[in-house]
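Colleague: Below is the file data07.cif, with mmCIF, C-alpha atoms and all ligand atoms.
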```cif
data_work
#
loop_
_atom_site.label_atom_id
_atom_site.label_comp_id
_atom_site.auth_asym_id
_atom_site.auth_seq_id
_atom_site.Cartn_x
_atom_site.Cartn_y
_atom_site.Cartn_z
CA MET X 1 20.92 -13.48 2.28
CA ASN X 2 21.52 -13.41 6.02
CA TYR X 3 19.50 -16.41 7.22
CA LEU X 4 20.04 -15.47 10.87
CA TYR X 5 18.03 -12.29 10.20
CA HIS X 6 15.12 -14.41 8.93
CA ALA X 7 15.47 -17.22 11.50
CA ARG X 8 12.01 -16.74 13.02
CA HIS X 9 10.35 -16.82 9.61
CA LEU X 10 12.30 -19.93 8.66
CA VAL X 11 11.22 -21.88 11.77
CA LEU X 12 7.63 -20.68 11.42
CA GLY X 13 6.86 -23.43 8.94
CA ARG X 14 5.12 -21.12 6.46
CA PHE X 15 8.24 -20.27 4.46
CA GLY X 16 10.86 -22.43 2.86
CA GLN X 17 14.27 -21.12 1.85
CA ALA X 18 13.00 -20.82 -1.74
CA ASP X 19 10.08 -18.64 -0.56
CA LEU X 20 12.41 -16.30 1.27
CA GLU X 21 14.61 -16.07 -1.80
CA ARG X 22 11.60 -15.31 -3.97
CA ILE X 23 10.61 -12.52 -1.56
CA ALA X 24 14.24 -11.35 -1.55
CA ALA X 25 14.05 -10.90 -5.33
CA SER X 26 10.85 -8.79 -5.17
CA ARG X 27 10.37 -5.10 -5.82
CA VAL X 28 7.64 -3.36 -3.84
CA MET X 29 6.27 0.17 -4.12
CA VAL X 30 4.59 1.73 -1.08
CA VAL X 31 2.53 4.76 -2.11
CA GLY X 32 2.28 7.13 0.86
CA VAL X 33 4.27 6.60 4.06
CA GLY X 34 1.73 7.82 6.59
CA GLY X 35 -0.04 5.65 9.16
CA THR X 36 -0.58 2.53 7.05
CA GLY X 37 2.27 3.02 4.56
CA SER X 38 5.03 3.63 7.11
CA THR X 39 4.06 0.44 8.94
CA ALA X 40 3.82 -1.60 5.73
CA ALA X 41 7.19 -0.26 4.54
CA ARG X 42 8.80 -1.43 7.75
CA LEU X 43 7.23 -4.89 7.43
CA PHE X 44 8.33 -5.32 3.80
CA ALA X 45 11.84 -4.21 4.80
CA GLU X 46 11.90 -6.77 7.59
CA ALA X 47 10.66 -9.46 5.18
CA GLY X 48 13.75 -8.70 3.10
CA VAL X 49 12.40 -7.58 -0.27
CA SER X 50 15.09 -6.70 -2.76
CA GLU X 51 13.94 -3.19 -3.53
CA LEU X 52 11.49 -1.02 -1.63
CA SER X 53 10.32 2.16 -3.31
CA ILE X 54 8.46 4.80 -1.35
CA ALA X 55 6.61 7.80 -2.76
CA ASP X 56 5.28 10.65 -0.63
CA PRO X 57 5.54 14.44 -1.05
CA ASP X 58 4.79 15.27 2.62
CA VAL X 59 6.94 16.38 5.51
CA VAL X 60 6.55 14.99 9.03
CA SER X 61 4.34 17.08 11.31
CA ILE X 62 3.67 16.78 15.03
CA SER X 63 0.16 15.41 14.42
CA ASN X 64 1.68 12.45 12.52
CA LEU X 65 3.58 11.13 15.54
CA GLN X 66 0.44 9.78 17.25
CA ARG X 67 0.24 6.89 14.75
CA GLN X 68 3.11 6.96 12.24
CA GLN X 69 6.61 5.50 12.44
CA TYR X 70 8.30 8.86 13.11
CA SER X 71 9.81 10.59 16.12
CA THR X 72 10.16 14.20 17.26
CA GLY X 73 13.54 14.53 15.54
CA ASP X 74 11.83 13.88 12.20
CA ILE X 75 9.45 16.86 12.40
CA GLY X 76 9.94 19.03 9.31
CA ARG X 77 11.86 16.32 7.43
CA LYS X 78 10.65 14.77 4.21
CA LYS X 79 8.76 11.59 5.06
CA VAL X 80 10.59 9.60 2.39
CA SER X 81 14.02 10.65 3.74
CA ALA X 82 13.12 9.86 7.37
CA THR X 83 11.58 6.54 6.31
CA ALA X 84 14.53 5.51 4.13
CA GLU X 85 16.99 6.23 6.94
CA TYR X 86 14.90 4.19 9.33
CA LEU X 87 14.41 1.27 6.91
CA LYS X 88 18.12 1.01 6.22
CA LYS X 89 18.62 0.54 9.97
CA VAL X 90 15.84 -2.06 10.10
CA ASN X 91 17.39 -4.10 7.27
CA PRO X 92 20.62 -2.85 5.67
CA GLU X 93 20.43 -5.54 2.96
CA ILE X 94 17.53 -3.97 1.07
CA GLU X 95 17.66 -1.18 -1.46
CA VAL X 96 15.36 1.77 -0.69
CA LYS X 97 14.35 4.17 -3.47
CA CYS X 98 12.80 7.47 -2.42
CA TYR X 99 10.41 9.57 -4.49
CA ASP X 100 9.58 12.89 -2.91
CA THR X 101 6.56 13.27 -5.14
CA VAL X 102 2.86 12.62 -5.61
CA PHE X 103 1.82 9.37 -7.29
CA ASP X 104 0.12 10.97 -10.28
CA SER X 105 -0.61 9.58 -13.75
CA GLY X 106 2.82 10.66 -15.05
CA PHE X 107 4.67 8.94 -12.22
CA ALA X 108 2.57 5.81 -12.59
CA LEU X 109 3.22 5.59 -16.34
CA SER X 110 6.94 6.33 -16.10
CA HIS X 111 7.41 3.54 -13.53
CA ALA X 112 4.97 1.11 -15.16
CA GLY X 113 5.93 -2.52 -14.73
CA GLU X 114 8.81 -1.81 -12.31
CA TYR X 115 7.16 -3.46 -9.32
CA ASP X 116 5.98 -6.92 -8.31
CA LEU X 117 3.52 -5.38 -5.86
CA ILE X 118 2.11 -1.95 -5.03
CA PHE X 119 0.90 -1.22 -1.49
CA ASP X 120 -1.63 1.58 -1.04
CA GLY X 121 -0.68 3.71 1.96
CA THR X 122 -2.65 6.70 0.71
CA ASP X 123 -5.68 8.36 2.19
CA ASN X 124 -7.58 9.35 -0.93
CA VAL X 125 -9.73 7.71 -3.56
CA THR X 126 -8.24 9.40 -6.62
CA THR X 127 -4.70 8.16 -5.94
CA ARG X 128 -6.16 4.69 -5.42
CA ARG X 129 -7.81 4.92 -8.82
CA ILE X 130 -4.46 5.88 -10.38
CA ILE X 131 -2.87 2.85 -8.65
CA ASN X 132 -5.73 0.65 -9.83
CA ASP X 133 -5.45 1.78 -13.45
CA ILE X 134 -1.69 1.23 -13.66
CA SER X 135 -2.04 -2.08 -11.84
CA VAL X 136 -4.66 -3.43 -14.24
CA LYS X 137 -2.84 -2.02 -17.28
CA THR X 138 0.47 -3.67 -16.32
CA GLY X 139 -0.89 -6.77 -14.53
CA THR X 140 0.69 -5.73 -11.23
CA PRO X 141 -1.02 -6.89 -8.01
CA TRP X 142 -1.77 -4.21 -5.43
CA ILE X 143 -3.08 -4.05 -1.88
CA PHE X 144 -5.78 -1.51 -1.07
CA SER X 145 -5.77 -0.38 2.56
CA SER X 146 -7.67 2.30 4.41
CA ALA X 147 -7.95 3.38 8.06
CA ILE X 148 -10.26 5.98 9.59
CA GLU X 149 -11.89 6.47 13.01
CA THR X 150 -11.82 2.98 14.57
CA TYR X 151 -12.35 1.20 11.24
CA GLY X 152 -10.18 -0.25 8.56
CA GLU X 153 -10.55 -2.11 5.30
CA PHE X 154 -8.16 -3.87 2.97
CA LYS X 155 -8.19 -6.10 -0.07
CA ALA X 156 -5.86 -7.75 -2.57
CA ILE X 157 -6.37 -6.76 -6.21
CA ILE X 158 -4.82 -9.22 -8.62
CA PRO X 159 -5.44 -8.25 -12.25
CA GLY X 160 -7.05 -11.00 -14.27
CA ARG X 161 -8.12 -12.93 -11.20
CA THR X 162 -9.90 -10.78 -8.61
CA SER X 163 -12.24 -7.82 -8.77
CA CYS X 164 -10.45 -4.49 -9.06
CA TYR X 165 -11.01 -1.27 -7.09
CA ALA X 166 -13.32 0.14 -9.78
CA CYS X 167 -15.44 -3.05 -9.67
CA PHE X 168 -16.73 -2.24 -6.19
CA MET X 169 -16.09 1.49 -5.74
CA PRO X 170 -18.63 3.50 -7.73
CA GLU X 171 -17.32 6.47 -9.68
CA LEU X 172 -19.87 8.91 -8.26
CA GLU X 173 -18.75 9.67 -4.75
CA GLY X 174 -19.45 12.55 -2.43
CA PRO X 175 -16.69 14.47 -0.63
CA GLN X 176 -14.42 12.02 1.19
CA GLN X 177 -13.94 12.38 4.91
CA THR X 178 -10.35 12.23 6.10
CA CYS X 179 -8.56 11.36 9.34
CA SER X 180 -7.82 15.06 9.88
CA GLN X 181 -11.58 15.78 9.89
CA ILE X 182 -13.01 12.85 11.83
CA GLY X 183 -9.97 11.30 13.46
CA VAL X 184 -8.37 7.91 13.71
CA LEU X 185 -7.55 5.71 16.68
CA ASN X 186 -3.77 5.51 16.77
CA SER X 187 -3.55 1.73 16.63
CA VAL X 188 -5.86 1.31 13.63
CA PRO X 189 -3.50 2.24 10.74
CA ALA X 190 -0.76 -0.06 12.04
CA THR X 191 -3.27 -2.89 12.59
CA VAL X 192 -4.75 -2.54 9.10
CA ALA X 193 -1.28 -2.30 7.55
CA SER X 194 -0.04 -5.34 9.46
CA LEU X 195 -2.96 -7.47 8.23
CA ALA X 196 -2.97 -6.08 4.68
CA TYR X 197 0.79 -6.65 4.48
CA VAL X 198 0.22 -10.40 4.97
CA LEU X 199 -1.80 -10.46 1.74
CA GLY X 200 1.07 -8.71 -0.03
CA LEU X 201 3.71 -10.98 1.42
CA ARG X 202 1.76 -14.06 0.38
CA ILE X 203 1.39 -12.73 -3.17
CA LEU X 204 5.17 -12.19 -3.34
CA LYS X 205 5.68 -15.72 -2.02
CA GLY X 206 3.47 -17.05 -4.82
CA ASP X 207 0.34 -17.95 -2.84
CA GLU X 208 -3.14 -17.51 -4.29
CA VAL X 209 -4.88 -15.08 -1.94
CA SER X 210 -8.55 -14.18 -2.21
CA GLY X 211 -9.95 -10.87 -3.43
CA ASP X 212 -12.30 -10.53 -0.47
CA ILE X 213 -12.64 -7.18 1.27
CA HIS X 214 -11.73 -7.35 4.93
CA PHE X 215 -13.46 -4.94 7.32
CA LEU X 216 -11.94 -4.26 10.71
CA ASP X 217 -13.76 -2.69 13.64
CA ALA X 218 -10.97 -2.21 16.14
CA TRP X 219 -13.29 -0.90 18.86
CA ASP X 220 -15.63 -3.91 18.75
CA MET X 221 -12.79 -6.31 17.91
CA THR X 222 -14.36 -7.74 14.76
CA LEU X 223 -12.89 -8.62 11.40
CA GLU X 224 -15.34 -9.46 8.62
CA LYS X 225 -14.71 -10.84 5.15
CA ILE X 226 -16.94 -9.90 2.23
CA LYS X 227 -16.73 -11.39 -1.25
CA THR X 228 -16.46 -8.95 -4.13
CA LEU X 229 -17.08 -10.26 -7.61
CA LYS X 230 -15.60 -8.94 -10.81
CA ASN X 231 -18.03 -6.48 -12.38
CA PRO X 232 -18.59 -7.33 -16.06
CA GLN X 233 -19.38 -3.64 -16.63
CA CYS X 234 -16.20 -2.42 -14.89
CA PRO X 235 -14.67 0.32 -17.05
CA VAL X 236 -11.14 -0.61 -15.94
CA CYS X 237 -10.75 -4.39 -15.73
CA SER X 238 -13.55 -5.36 -18.12
CA HIS X 239 -13.32 -2.57 -20.71
CA GLY X 240 -9.68 -1.47 -20.41
CA SER X 241 -10.45 2.24 -20.01
CA PHE X 242 -7.71 3.93 -17.97
CA LYS X 243 -9.05 7.43 -17.36
CA TYR X 244 -6.83 7.99 -14.31
CA LEU X 245 -3.67 7.53 -16.40
CA THR X 246 -4.52 10.44 -18.70
CA ASP X 247 -3.09 13.96 -18.58
CA GLN X 248 -6.11 15.02 -16.53
CA TYR X 249 -4.42 13.33 -13.53
CA SER X 250 -0.91 14.53 -14.30
CA GLY X 251 0.16 16.59 -11.28
CA PHE X 252 -2.79 15.39 -9.23
CA ASP X 253 -2.02 16.33 -5.64
CA PRO X 254 -4.36 15.02 -2.92
CA ARG X 255 -3.21 17.80 -0.57
CA ILE X 256 -4.98 20.34 -2.78
CA VAL X 257 -8.76 20.23 -2.54
CA GLN X 258 -9.97 19.31 -6.02
ZN ZN X 301 -12.78 -3.93 -12.24
#
```
In structure tokens, how does this file's structure come out?
Ligand SMILES: [Zn+2]
Modeller:
Amino acid sequence: MNYLYHARHLVLGRFGQADLERIAASRVMVVGVGGTGSTAARLFAEAGVSELSIADPDVVSISNLQRQQYSTGDIGRKKVSATAEYLKKVNPEIEVKCYDTVFDSGFALSHAGEYDLIFDGTDNVTTRRIINDISVKTGTPWIFSSAIETYGEFKAIIPGRTSCYACFMPELEGPQQTCSQIGVLNSVPATVASLAYVLGLRILKGDEVSGDIHFLDAWDMTLEKIKTLKNPQCPVCSHGSFKYLTDQYSGFDPRIVQ
């Protein structure tokens, strides 16, 4: 490990050499490298994780540049390719694995147990439910993050200890609004990702973080913390039913209206 690279973390007083080495042995998956995911991927690369996997089937478009870690030269390129190239420049010591694909049930099952942490950089509920199911099934912590309009929310989900996504997100939901329909302030995804990343980093370091949901209102400058309890009726973490890992969600593509 190049300790000069991590000099500012080492003098911070929050990390010992052993913590940095633990982080440097970690494997992280970032699902979706859009506004939140591209920022989180950069931060995990800078923290020096051993292996950073990124999954996203999209190409960079001009409307992404307002808030995502891409530039004009990336337009039309696969997001995973542009991100991997960029991350290798940010920290050449890490290994970056690219998956130009959706994170469907098949992908989740075929990579089960490969990661120490999964970071949600997606913008849809169904992919989050797939992440949640594989996380609970394999005991892998994940970080839920979401950004829309001037708001954001994020939460750590640690199987066996905190509530899971299905504990607090009811199954019956109406049509989900997206950033392309109602917009997003350009600083919000990066702000949410930067805060949510801290939860992930602390999990990799071995800290016990809470399972509270954090709500950000970037316009009013408020950050609230709300406790979420494990739901004893939760189909996923209480009853072990993993509907989103079945064939029904094989090939699930959030870009196609379901
Ligand atoms: Zn649950």
Colleague: Can you measure CA of Phe215 (chain X) to CA of Asp133 (chain X) for me? One decimal in Å is fine.
Modeller: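 Those two atoms sit 23.3 Å apart.
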Colleague: Mind listing the residues within 7 Å of ligand ZN 301 (chain X), all atoms listed in the file counted, as a ChimeraX atom specification?
Modeller: /X:163-167,230-231,234-238
Colleague: Tell me, counting all atoms listed in the file, for each residue of region 141-178 of chain X within 12 Å of region 188-203 of chain X, which pair of atoms is nearest and how far apart they are in Å to one decimal, in rows ordered by chain and increasing number, as a tab-separated table.
Modeller:
```
residue	atom	partner	partner_atom	distance
X:Pro141	CA	X:Ile203	CA	8.0
X:Trp142	CA	X:Gly200	CA	7.6
X:Ile143	CA	X:Gly200	CA	6.5
X:Phe144	CA	X:Ala196	CA	7.9
X:Ser145	CA	X:Ala196	CA	6.7
X:Ser146	CA	X:Val192	CA	7.3
X:Ala147	CA	X:Pro189	CA	5.3
X:Ile148	CA	X:Val188	CA	7.6
X:Glu149	CA	X:Val188	CA	8.0
X:Thr150	CA	X:Val188	CA	6.3
X:Tyr151	CA	X:Val188	CA	6.9
X:Gly152	CA	X:Val192	CA	5.9
X:Glu153	CA	X:Val192	CA	6.9
X:Phe154	CA	X:Ala196	CA	5.9
X:Lys155	CA	X:Ala196	CA	7.1
X:Ala156	CA	X:Leu199	CA	6.5
X:Ile157	CA	X:Gly200	CA	9.9
X:Ile158	CA	X:Ile203	CA	9.0
```
Colleague: For a quick check of understanding, using all atoms listed in the file, which of X:Tyr244, X:Phe44, X:Tyr249, X:Tyr3 has the smallest distance to Leu117 (chain X)?
Modeller: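 Counting all atoms listed in the file, the residue closest to Leu117 (chain X) is X:Phe44.
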Colleague: How far is it from CA of Asp116 (chain X) to CA of Pro159 (chain X), in Å with one decimal?
Modeller: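 So the answer is 12.2 Å.
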Colleague: Find, counting all atoms listed in the file, the residue in X:Thr162, X:Thr228, X:Gln69, X:Ser135 that gets nearest to Ala40 (chain X).
Modeller: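 Among X:Thr162, X:Thr228, X:Gln69, X:Ser135, it is X:Gln69 that comes nearest to Ala40 (chain X).
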Colleague: Quick one: residues within 8 Å of Val33 (chain X), only C-alpha atoms, excluding same-chain residues fewer than 2 positions away - as a count of residues only?
Modeller: 16
Colleague: Counting only C-alpha atoms, figure out which residue out of X:Tyr5, X:Tyr70, X:Phe15, X:Tyr86 gets nearest to Gly34 (chain X).
Modeller: X:Tyr70
Colleague: In terms of the shortest atom-to-atom distance over all atoms listed in the file, which of X:Asp19, X:Asp247, X:Glu93, X:Glu46 is closest to Met1 (chain X)?
Modeller: X:Glu93
Colleague: Would you work out the distance separating CA of Arg27 (chain X) from CA of Val49 (chain X), expressed in Å to one decimal?
Modeller: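 Computed distance, CA of Arg27 (chain X) to CA of Val49 (chain X), equals 6.4 Å.
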